[in-house]
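Student: Can you keep this structure in mind? I'll have questions shortly.
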Amino acid sequence: MTDLKYTIKDFKSENEVRWCAGCGDFAIINAVQRTMAGMGIPKEKFAVISGIGCSSRFPYYMNTFGFHTIHGRAAAVASGVKSANPDLSVWVISGDGDSLAIGGNHFIHLIRRNINLNLILFNNRIYGLTKGQYSPTSERGFKSKTSPFGTVEDPFIPGQLAIGARGTFFARSIDGNLKLSQSIFEDAAKHQGTSVVEVLQNCVIFNNGIHNAITDPNHRADRQLVLEHGKPMLFGAENEKGLIFDKGRLRVAVIGENGVSADDILVHDAEEVDPTLHMALINMQLPDFPVALGVIRSVAAPVYDVEMEAQIKEVQKTRKVTCVDELLQSGNTWEVTGNNNVSGKKC
């Protein structure tokens, strides 16, 4: 970290931003640029890696190093970038189709390895770039160009995949809440290991209003639970509601009713190693529960690139071969000195 003073403008490229007017991607890139400007890291230390999709145009609009890769492979390429350049701050930009369909295997193994980078998953529950097909996060019954009578399959829940892959950091935000997104991105950047941030993002063309039930200003106080580590899990216009455990399950309670007091409300512990409660928070859905936002899980665990670098240094202390030239010249070697064979005829 240095005393560098950047502004958001320092992270904006000169390229014209080609997203549809009103797209949630504008808000997300704004929050990312604000986050990077405040990290005190030289711009040349940032690398933004994307796959394929509307969100994956991201690197063109960032005044940092970047790589627009191929469909589903952003996590794999970013893993190599971070492993080869541990000092870089690596950010993966991907959509629900890019990461959870063709890129699903790379997604879970990135998380399992716990490589020290940040993945932002734009979840608009649709394939936007290819014009409106249903995606791995589209709800059962969703009608689209590829499911005109409604899908007959259940969607992935990104947080479940992250926890199932032994994830150490998972958070959720909404595109329009810049303050919340920036706060989450800052926490993600500080985390040692793979951070996964799901951003509920609106596609104004092919899936407009998909998250309206959560974002509606008239109801969001009752439908959003913004988590903070070490603080009670309260929500509602007056913070009059909260989560309690009842018979081993989460339940919404109203303070002052049925003998429930403020002391009964669960306190959020993002650092608890046991993922049971974190998974329960991820699974909460309307209308029975509010949707959990903020940092849901943030625990310490060995970091792949750190462990790999330490292993290399340890092996280097005792190995006989120290460079590629020595490797090529070791063992049984021979030298070609001419092009004549033993009979005197040329080859």
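As shown in the structure tokens, the chain order sets the letters A, B, ...; within each chain, residues go from 1, and ligands are also counted from 1 in the order they appear.
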Range 62-308 of chain A: which residues are helix (DSSP H, G or I) by DSSP, as a PyMOL selection string?
Tutor: chain A and resi 74-84+96-102+104-113+158-164+178-190+212-215+220-223+262-264+276-283+304-308
Student: Store the residues of this selection in a file with C-alpha atoms, as a short mmCIF file (atom, residue, chain, number, x, y, z; two decimals), in the first residue's frame.
Tutor:
data_model
loop_
_atom_site.label_atom_id
_atom_site.label_comp_id
_atom_site.auth_asym_id
_atom_site.auth_seq_id
_atom_site.Cartn_x
_atom_site.Cartn_y
_atom_site.Cartn_z
CA ALA A 74 -12.16 -15.94 -16.98
CA ALA A 75 -11.62 -17.76 -13.67
CA ALA A 76 -9.03 -20.09 -15.22
CA VAL A 77 -7.08 -17.27 -16.87
CA ALA A 78 -7.27 -15.14 -13.73
CA SER A 79 -5.94 -18.05 -11.68
CA GLY A 80 -2.87 -18.14 -13.91
CA VAL A 81 -2.46 -14.38 -13.80
CA LYS A 82 -2.51 -14.30 -10.00
CA SER A 83 -0.31 -17.37 -9.57
CA ALA A 84 2.33 -15.97 -11.95
CA ASP A 96 -24.45 -15.85 -14.34
CA GLY A 97 -24.29 -17.56 -17.74
CA ASP A 98 -20.53 -17.16 -18.12
CA SER A 99 -19.58 -18.47 -14.68
CA LEU A 100 -22.35 -20.93 -13.88
CA ALA A 101 -22.89 -22.64 -17.23
CA ILE A 102 -19.86 -23.24 -19.46
CA GLY A 104 -19.09 -23.76 -13.85
CA ASN A 105 -16.14 -26.10 -13.36
CA HIS A 106 -13.62 -23.26 -13.33
CA PHE A 107 -15.87 -21.32 -10.93
CA ILE A 108 -16.01 -24.01 -8.25
CA HIS A 109 -12.33 -24.96 -8.51
CA LEU A 110 -11.21 -21.34 -8.25
CA ILE A 111 -13.16 -21.13 -5.01
CA ARG A 112 -11.92 -24.52 -3.77
CA ARG A 113 -8.29 -23.52 -4.33
CA PRO A 158 -24.60 -18.88 -6.50
CA GLY A 159 -24.00 -18.75 -2.77
CA GLN A 160 -24.78 -22.44 -2.42
CA LEU A 161 -22.12 -23.24 -5.01
CA ALA A 162 -19.62 -20.99 -3.25
CA ILE A 163 -20.21 -22.62 0.14
CA GLY A 164 -20.25 -26.11 -1.39
CA LEU A 178 -23.53 1.96 -4.86
CA LYS A 179 -22.70 2.57 -1.21
CA LEU A 180 -23.36 -1.06 -0.26
CA SER A 181 -21.52 -2.40 -3.32
CA GLN A 182 -18.46 -0.25 -2.69
CA SER A 183 -18.35 -1.32 0.96
CA ILE A 184 -18.56 -4.97 -0.05
CA PHE A 185 -15.90 -4.60 -2.75
CA GLU A 186 -13.57 -3.00 -0.21
CA ASP A 187 -14.07 -5.93 2.17
CA ALA A 188 -13.57 -8.35 -0.71
CA ALA A 189 -10.28 -6.68 -1.67
CA LYS A 190 -8.99 -7.01 1.90
CA ASN A 212 -38.05 -5.31 -8.43
CA ALA A 213 -39.60 -7.26 -5.58
CA ILE A 214 -36.37 -6.70 -3.64
CA THR A 215 -35.53 -3.17 -4.77
CA ARG A 220 -37.27 -2.79 0.47
CA ALA A 221 -37.00 -2.12 4.22
CA ASP A 222 -39.05 -5.27 4.80
CA ARG A 223 -37.47 -7.28 1.99
CA ALA A 262 -34.02 -7.36 21.09
CA ASP A 263 -31.72 -9.74 22.96
CA ASP A 264 -33.27 -12.70 21.16
CA THR A 276 -24.48 -23.72 8.48
CA LEU A 277 -25.91 -20.30 9.32
CA HIS A 278 -24.26 -18.68 6.30
CA MET A 279 -25.98 -21.19 4.04
CA ALA A 280 -29.31 -20.53 5.75
CA LEU A 281 -28.89 -16.80 5.13
CA ILE A 282 -28.03 -17.41 1.48
CA ASN A 283 -31.15 -19.55 1.05
CA TYR A 304 -3.32 -21.10 -2.88
CA ASP A 305 -0.90 -18.60 -4.42
CA VAL A 306 0.75 -17.91 -1.06
CA GLU A 307 1.15 -21.61 -0.38
CA MET A 308 2.47 -22.24 -3.90
#
Student: So, with only C-alpha atoms as the atoms that count, which of A:Gln285, A:Ser50, A:Gln201, A:Thr69 lies closest to Gly22 in chain A?
Tutor: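 Looking at the shortest contact to Gly22 in chain A, the residue is A:Gln201.
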Student: Env of Arg18 in chain A: 12 Å cut, atoms = only C-alpha atoms, seq-sep filter 4 positions within chain, self excluded. Answer as a PyMOL selection string.
Tutor: chain A and resi 22-23+25-26+54-58+60-61+129
Student: What lies within 7 Å of Leu119 in chain A using only C-alpha atoms, ignoring chain neighbours under 5 positions off, as a PyMOL selection string?
Tutor: chain A and resi 91-93+195-197
Student: Show me, as a PyMOL selection string, the residues that have an atom within 12 Å of Leu4 in chain A when counting only C-alpha atoms, minus same-chain residues fewer than 4 positions from it.
Tutor: chain A and resi 10+36-43
Student: Just the strand (DSSP E or B) stuff from range 169-207 of chain A, please, per backbone DSSP, written as number ranges by chain.
Tutor: A: 169-174, 195-200, 203, 207
Student: May I have the selected residues written with N, CA, C and O atoms, as an mmCIF file, in the first residue's frame?
Tutor:
data_model
loop_
_atom_site.group_PDB
_atom_site.id
_atom_site.type_symbol
_atom_site.label_atom_id
_atom_site.label_comp_id
_atom_site.auth_asym_id
_atom_site.auth_seq_id
_atom_site.Cartn_x
_atom_site.Cartn_y
_atom_site.Cartn_z
ATOM 1 N N PHE A 169 -15.238 -16.550 1.244
ATOM 2 C CA PHE A 169 -15.859 -15.221 1.231
ATOM 3 C C PHE A 169 -16.992 -15.218 0.220
ATOM 4 O O PHE A 169 -16.789 -15.493 -0.967
ATOM 5 N N PHE A 170 -18.182 -14.872 0.719
ATOM 6 C CA PHE A 170 -19.323 -14.692 -0.180
ATOM 7 C C PHE A 170 -20.138 -13.510 0.295
ATOM 8 O O PHE A 170 -20.425 -13.374 1.501
ATOM 9 N N ALA A 171 -20.497 -12.648 -0.647
ATOM 10 C CA ALA A 171 -21.314 -11.475 -0.332
ATOM 11 C C ALA A 171 -22.325 -11.272 -1.437
ATOM 12 O O ALA A 171 -22.191 -11.797 -2.543
ATOM 13 N N ARG A 172 -23.346 -10.468 -1.130
ATOM 14 C CA ARG A 172 -24.384 -10.184 -2.127
ATOM 15 C C ARG A 172 -24.760 -8.714 -2.056
ATOM 16 O O ARG A 172 -24.894 -8.148 -0.967
ATOM 17 N N SER A 173 -24.910 -8.101 -3.239
ATOM 18 C CA SER A 173 -25.306 -6.702 -3.310
ATOM 19 C C SER A 173 -26.342 -6.516 -4.409
ATOM 20 O O SER A 173 -26.741 -7.476 -5.073
ATOM 21 N N ILE A 174 -26.789 -5.272 -4.587
ATOM 22 C CA ILE A 174 -27.741 -4.897 -5.631
ATOM 23 C C ILE A 174 -27.110 -3.790 -6.453
ATOM 24 O O ILE A 174 -26.492 -2.869 -5.902
ATOM 25 N N SER A 195 -12.640 -14.118 -3.108
ATOM 26 C CA SER A 195 -13.884 -13.459 -2.700
ATOM 27 C C SER A 195 -14.868 -13.540 -3.856
ATOM 28 O O SER A 195 -14.521 -13.275 -5.005
ATOM 29 N N VAL A 196 -16.090 -13.935 -3.554
ATOM 30 C CA VAL A 196 -17.156 -14.002 -4.545
ATOM 31 C C VAL A 196 -18.244 -13.015 -4.123
ATOM 32 O O VAL A 196 -18.783 -13.126 -3.020
ATOM 33 N N VAL A 197 -18.531 -12.057 -5.004
ATOM 34 C CA VAL A 197 -19.583 -11.088 -4.736
ATOM 35 C C VAL A 197 -20.644 -11.223 -5.816
ATOM 36 O O VAL A 197 -20.390 -10.958 -6.994
ATOM 37 N N GLU A 198 -21.823 -11.664 -5.418
ATOM 38 C CA GLU A 198 -22.954 -11.733 -6.342
ATOM 39 C C GLU A 198 -23.662 -10.381 -6.324
ATOM 40 O O GLU A 198 -24.061 -9.898 -5.256
ATOM 41 N N VAL A 199 -23.807 -9.779 -7.497
ATOM 42 C CA VAL A 199 -24.535 -8.517 -7.603
ATOM 43 C C VAL A 199 -25.821 -8.769 -8.375
ATOM 44 O O VAL A 199 -25.788 -9.200 -9.528
ATOM 45 N N LEU A 200 -26.946 -8.518 -7.732
ATOM 46 C CA LEU A 200 -28.234 -8.659 -8.398
ATOM 47 C C LEU A 200 -28.375 -7.494 -9.367
ATOM 48 O O LEU A 200 -28.528 -6.341 -8.960
ATOM 49 N N CYS A 203 -31.219 -6.260 -16.230
ATOM 50 C CA CYS A 203 -31.070 -6.169 -17.685
ATOM 51 C C CYS A 203 -32.322 -5.474 -18.217
ATOM 52 O O CYS A 203 -33.407 -6.073 -18.236
ATOM 53 N N ASN A 207 -34.720 -8.630 -19.404
ATOM 54 C CA ASN A 207 -35.248 -9.135 -18.131
ATOM 55 C C ASN A 207 -35.497 -7.971 -17.168
ATOM 56 O O ASN A 207 -35.169 -8.057 -15.989
#
Student: Which residues are close to Ser147 in chain A, i.e. within 12 Å by only C-alpha atoms, leaving aside same-chain residues fewer than 3 positions away? Reply as an MDAnalysis selection string.
Tutor: chainID A and resid 126 132:135 138:144 150:153
